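Just below is one structure, and these are the notes that go with it.
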Amino acid sequence: MDGTSRHLVDFDALAKDAGYAAAIECDPGRMLSSHAVKRFFCSFWWPRIDLYRHLLQRLFLWRLKLQEPDLMVLGMDTMVMDNDEARVHGVKPAYKRVKGFQPLQMTWQNHIIDAVFRRGDAHSNNGNTMERMVRHMVARIRKPYRADVAIIVRMDSELFDQKLFEAFEDLSIGYICGGKLYEPVKEFVAQSQRSQAAWGRYKQGSQVWQYLELGTRCGRWKSFRRALFCRPLYQDAQMVLPFARPDTVVVTNLGMGQAIDVALTKAGHDQWLQGQGIIAGDHGRGSEELVHRALKDFGFEQLPFKRFAPNATFFDTMLVAFFLYESFKHDVCAPVVEPVG
């Protein structure tokens, strides 16, 4: 699968091309047909498909031991794969008003380190998939690598869930999650409008954000959590009028005296405990969207099979290849340090 076609029948045409067979150093009589490819992928079922996740995680540990970070920032999000015109098992309407698949993925730097292939209508926090994924990956990081490494998980508001927050706090890891503008938050912000001393400012380049720190306790939450209400003052160097400023809320456990604070301070990353550091971390979630876009550009968004399991196998194969591709780029393009003297 060299990326020149998304159709399995193209294998039949390639099998007759002696020049292509010579280019990949394969005997013409051993070239694959489309039927052979279908038989191969249809032979996979869930116990074997799960082995792909194990392989991907072993590749992740390989990179982790090479880089030896003392802080790990993980991203959690879903990626909609548009298969709107395909008659495929598992293709369901997603939140982007298209029919497709919606895998849940965990990212680290430029890599996707774990993923669960799911149908299109499986929302971000469907079932307990995310909690199980995070618990499993935290154990995979701490046991073979370092038990004291600081871990922060970043999420958007679709994963705003008290059960997830409690699971992260139980694991002694940090989280930064997009919140929701419930009425009590709006009322508190409205009451704080006149007190300018309570508001802080965060600047990045020509952009300036105004933020207010507060504690939030939604519904049946057992305790308050730290929250930051943010609004941009500028957009493309142009000041935004007060009524046109988009408001956002970020919920976190950083800076609340938990075990993650000690780990971050020990590692020299205590800037994550400050309001400006938390906002900067939340804005960094945009880089995780770029990883999803890079995966789609590298492989296929529209999957070739009619059955769900072969498509899951194809997707996991694509993830492994993408991980190796990103690792290759990093190793080849890394600057060479000349020895001194």
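Naming scheme: A, B, ... for chains in displayed order of the structure tokens; residues 1 onward per chain; ligands 1 onward as shown.
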
Wanna dump the range 154-239 of chain A-range 265-287 of chain A contacts at 12 Å for me, each residue with its shortest atom pair and the distance in Å to one decimal, counting only C-alpha atoms, ordered by chain and number, as a tab-separated table?
```
residue	atom	partner	partner_atom	distance
A:Arg154	CA	A:Arg285	CA	6.8
A:Met155	CA	A:Arg285	CA	7.6
A:Asp156	CA	A:Arg285	CA	8.2
A:Ser157	CA	A:Asp282	CA	11.2
A:Gly174	CA	A:Trp272	CA	9.9
A:Tyr175	CA	A:Ile278	CA	9.8
A:Ile176	CA	A:Asp282	CA	6.5
A:Cys177	CA	A:Asp282	CA	7.5
A:Gly178	CA	A:Asp282	CA	7.8
A:Gly179	CA	A:Asp282	CA	11.0
A:Trp199	CA	A:Gly275	CA	10.7
A:Gly200	CA	A:Gly275	CA	8.4
A:Arg201	CA	A:Gln276	CA	7.8
A:Tyr202	CA	A:Gln276	CA	5.7
A:Lys203	CA	A:Gln276	CA	8.6
A:Gln204	CA	A:Ala280	CA	8.5
A:Gln207	CA	A:Ala280	CA	11.9
A:Val208	CA	A:Gln276	CA	11.2
A:Trp209	CA	A:Ile279	CA	9.1
A:Gln210	CA	A:Gln276	CA	10.1
A:Tyr211	CA	A:Gly275	CA	8.3
A:Leu212	CA	A:Gly275	CA	8.8
A:Glu213	CA	A:Gly275	CA	7.6
A:Leu214	CA	A:Gly275	CA	10.8
A:Arg226	CA	A:Gly275	CA	10.0
A:Ala227	CA	A:Gly275	CA	9.4
A:Leu228	CA	A:Gly275	CA	7.5
A:Phe229	CA	A:Ile279	CA	9.7
A:Cys230	CA	A:Ile279	CA	8.3
A:Arg231	CA	A:Ile279	CA	10.9
A:Pro232	CA	A:Ile279	CA	11.6
```

Subject >> Nearest candidate to Phe160 in chain A (options A:Val138, A:Val250, A:Ala22, A:Leu71; using only C-alpha atoms) >> reply: A:Val250

**OP:** Using only C-alpha atoms, determine which residues lie at most 7 Å from Asp121 in chain A, disregarding the query and same-chain residues fewer than 4 positions distant; provide the list as a list in words.
**Re:** Lys92, Pro93 and Ala94 of chain A

Original post:
Quick one: DSSP helix (DSSP H, G or I) residues in range 142-190 of chain A, as number ranges by chain?
Top reply: A: 142, 157-159, 162-170, 183-190

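Our summary of the geometry notes that CA of Glu131 in chain A is positioned 11.4 Å from CA of Gln162 in chain A.
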
Each residue of range 63-161 of chain A lying at most 12 Å from range 307-320 of chain A should get a row with its shortest atom-to-atom pair and the distance in Å to one decimal, counting only C-alpha atoms; could you produce that, ordered by chain and increasing number, as a Markdown table?
```
| residue | atom | partner | partner_atom | distance |
| --- | --- | --- | --- | --- |
| A:Met81 | CA | A:Phe315 | CA | 10.6 |
| A:Asn83 | CA | A:Asn311 | CA | 11.6 |
| A:Ala86 | CA | A:Arg307 | CA | 11.2 |
| A:Arg87 | CA | A:Arg307 | CA | 9.4 |
| A:Val88 | CA | A:Arg307 | CA | 6.1 |
| A:His89 | CA | A:Arg307 | CA | 5.2 |
| A:Gly90 | CA | A:Phe308 | CA | 5.9 |
| A:Val91 | CA | A:Phe308 | CA | 8.6 |
| A:Lys92 | CA | A:Phe308 | CA | 11.7 |
| A:Gly100 | CA | A:Phe308 | CA | 11.3 |
| A:Phe101 | CA | A:Phe308 | CA | 9.7 |
| A:Gln102 | CA | A:Ala312 | CA | 11.2 |
| A:Pro103 | CA | A:Phe315 | CA | 9.5 |
| A:Gln105 | CA | A:Leu319 | CA | 10.3 |
| A:Met106 | CA | A:Leu319 | CA | 11.6 |
| A:Thr107 | CA | A:Leu319 | CA | 11.4 |
| A:His111 | CA | A:Leu319 | CA | 9.2 |
| A:Ile112 | CA | A:Leu319 | CA | 7.2 |
| A:Ile113 | CA | A:Leu319 | CA | 8.6 |
| A:Asp114 | CA | A:Leu319 | CA | 8.8 |
| A:Ala115 | CA | A:Asp316 | CA | 8.2 |
| A:Val116 | CA | A:Ala312 | CA | 8.8 |
| A:Phe117 | CA | A:Ala312 | CA | 6.0 |
| A:Arg118 | CA | A:Ala312 | CA | 8.3 |
| A:Arg119 | CA | A:Phe308 | CA | 8.6 |
| A:Gly120 | CA | A:Phe308 | CA | 11.5 |
```

**OP:** Would you return as a PyMOL selection string the members of range 23-254 of chain A that DSSP assigns to strand (DSSP E) on this structure's backbone?
**Re:** chain A and resi 71-78+81-82+92-93+99-101+104-108+111-116+150-155+174-178+199-204+207-216+225-232+234-235+238-239+248-252

Find the nearest atom pair between each residue of range 278-319 of chain A and range 4-12 of chain A for residues within 8 Å, count only C-alpha atoms, give distances in Å to one decimal, sort rows by chain and ascending number, and present the table as CSV.
```
residue,atom,partner,partner_atom,distance
A:Phe300,CA,A:Arg6,CA,7.3
A:Gln302,CA,A:Arg6,CA,7.9
A:Leu303,CA,A:Arg6,CA,7.8
A:Pro304,CA,A:His7,CA,6.5
```

I need the chosen residues saved as a compact mmCIF listing (two decimals), in the first residue's frame, with C-alpha atoms.
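Printed below is part.txt as written:
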```
# COMPACT_ATOMS: atom_id res chain seq x y z
CA PHE A 300 -6.57 7.36 4.29
CA GLN A 302 -11.94 6.72 3.80
CA LEU A 303 -11.35 3.07 4.65
CA PRO A 304 -11.57 0.37 1.96
```

Subject >> Between CA of Asp17 in chain A and CA of Ser34 in chain A - distance in Å to one decimal >> reply: 14.3 Å

Could you name the residues that touch range 321-335 of chain A at 9 Å or less, counting only C-alpha atoms, but leaving out those on the same chain fewer than 6 positions away, as a compact mmCIF listing (two decimals) with all heavy atoms, in the first residue's frame?
```txt
# COMPACT_ATOMS: atom_id res chain seq x y z
N LEU A 56 1.99 -0.75 19.15
CA LEU A 56 2.10 0.71 19.13
C LEU A 56 2.66 1.23 20.46
O LEU A 56 3.49 2.14 20.49
CB LEU A 56 0.73 1.32 18.85
CG LEU A 56 0.69 2.82 18.55
CD1 LEU A 56 1.45 3.14 17.27
CD2 LEU A 56 -0.75 3.30 18.43
N LEU A 59 6.39 0.63 20.69
CA LEU A 59 7.10 1.65 19.93
C LEU A 59 7.17 2.96 20.71
O LEU A 59 8.20 3.66 20.69
CB LEU A 59 6.41 1.88 18.58
CG LEU A 59 6.51 0.74 17.57
CD1 LEU A 59 5.61 1.03 16.37
CD2 LEU A 59 7.95 0.54 17.11
N PHE A 60 6.09 3.30 21.39
CA PHE A 60 6.06 4.51 22.22
C PHE A 60 7.10 4.44 23.34
O PHE A 60 7.83 5.41 23.60
CB PHE A 60 4.65 4.68 22.78
CG PHE A 60 4.56 5.57 23.99
CD1 PHE A 60 4.97 6.89 23.93
CD2 PHE A 60 4.08 5.08 25.19
CE1 PHE A 60 4.89 7.71 25.05
CE2 PHE A 60 4.00 5.88 26.30
CZ PHE A 60 4.41 7.20 26.24
N ARG A 63 10.58 5.24 22.04
CA ARG A 63 10.86 6.66 21.91
C ARG A 63 10.98 7.33 23.27
O ARG A 63 11.79 8.25 23.46
CB ARG A 63 9.74 7.35 21.10
CG ARG A 63 9.48 6.79 19.73
CD ARG A 63 10.73 6.74 18.88
NE ARG A 63 11.33 8.06 18.67
CZ ARG A 63 12.41 8.27 17.93
NH1 ARG A 63 13.01 7.24 17.34
NH2 ARG A 63 12.90 9.48 17.77
N ASN A 110 4.55 14.43 18.46
CA ASN A 110 4.03 14.23 17.10
C ASN A 110 3.52 12.81 16.87
O ASN A 110 3.26 12.44 15.73
CB ASN A 110 5.12 14.53 16.07
CG ASN A 110 5.53 15.98 16.09
OD1 ASN A 110 4.74 16.86 16.43
ND2 ASN A 110 6.77 16.26 15.73
N HIS A 111 3.35 12.06 17.93
CA HIS A 111 2.99 10.65 17.80
C HIS A 111 1.59 10.38 18.34
O HIS A 111 1.14 11.02 19.30
CB HIS A 111 3.98 9.77 18.57
CG HIS A 111 5.40 9.90 18.11
ND1 HIS A 111 5.85 9.42 16.91
CD2 HIS A 111 6.48 10.46 18.72
CE1 HIS A 111 7.13 9.67 16.78
NE2 HIS A 111 7.54 10.31 17.87
N ILE A 112 0.92 9.42 17.74
CA ILE A 112 -0.29 8.82 18.31
C ILE A 112 0.17 7.54 19.00
O ILE A 112 0.67 6.62 18.35
CB ILE A 112 -1.34 8.52 17.22
CG1 ILE A 112 -1.80 9.83 16.58
CG2 ILE A 112 -2.52 7.77 17.82
CD1 ILE A 112 -2.77 9.64 15.43
N ILE A 113 0.01 7.48 20.32
CA ILE A 113 0.59 6.39 21.10
C ILE A 113 -0.44 5.33 21.49
O ILE A 113 -0.06 4.25 21.94
CB ILE A 113 1.30 6.94 22.35
CG1 ILE A 113 0.32 7.67 23.26
CG2 ILE A 113 2.45 7.85 21.93
CD1 ILE A 113 0.94 8.14 24.57
N ALA A 294 -2.12 15.31 10.29
CA ALA A 294 -0.96 14.65 9.67
C ALA A 294 -1.25 13.18 9.41
O ALA A 294 -0.83 12.63 8.39
CB ALA A 294 0.26 14.81 10.56
N LEU A 295 -1.97 12.52 10.32
CA LEU A 295 -2.32 11.11 10.11
C LEU A 295 -3.22 10.95 8.89
O LEU A 295 -3.03 10.04 8.08
CB LEU A 295 -3.02 10.55 11.35
CG LEU A 295 -3.58 9.13 11.22
CD1 LEU A 295 -2.47 8.12 10.97
CD2 LEU A 295 -4.39 8.76 12.46
N PHE A 298 -1.18 11.41 5.83
CA PHE A 298 -0.26 10.29 5.64
C PHE A 298 -0.98 9.08 5.06
O PHE A 298 -0.48 8.39 4.18
CB PHE A 298 0.39 9.93 6.98
CG PHE A 298 1.17 8.65 6.95
CD1 PHE A 298 2.46 8.61 6.44
CD2 PHE A 298 0.62 7.48 7.45
CE1 PHE A 298 3.18 7.42 6.43
CE2 PHE A 298 1.33 6.29 7.44
CZ PHE A 298 2.62 6.27 6.92
N GLY A 299 -2.17 8.79 5.58
CA GLY A 299 -2.90 7.59 5.17
C GLY A 299 -4.20 7.92 4.49
O GLY A 299 -4.28 8.78 3.62
```
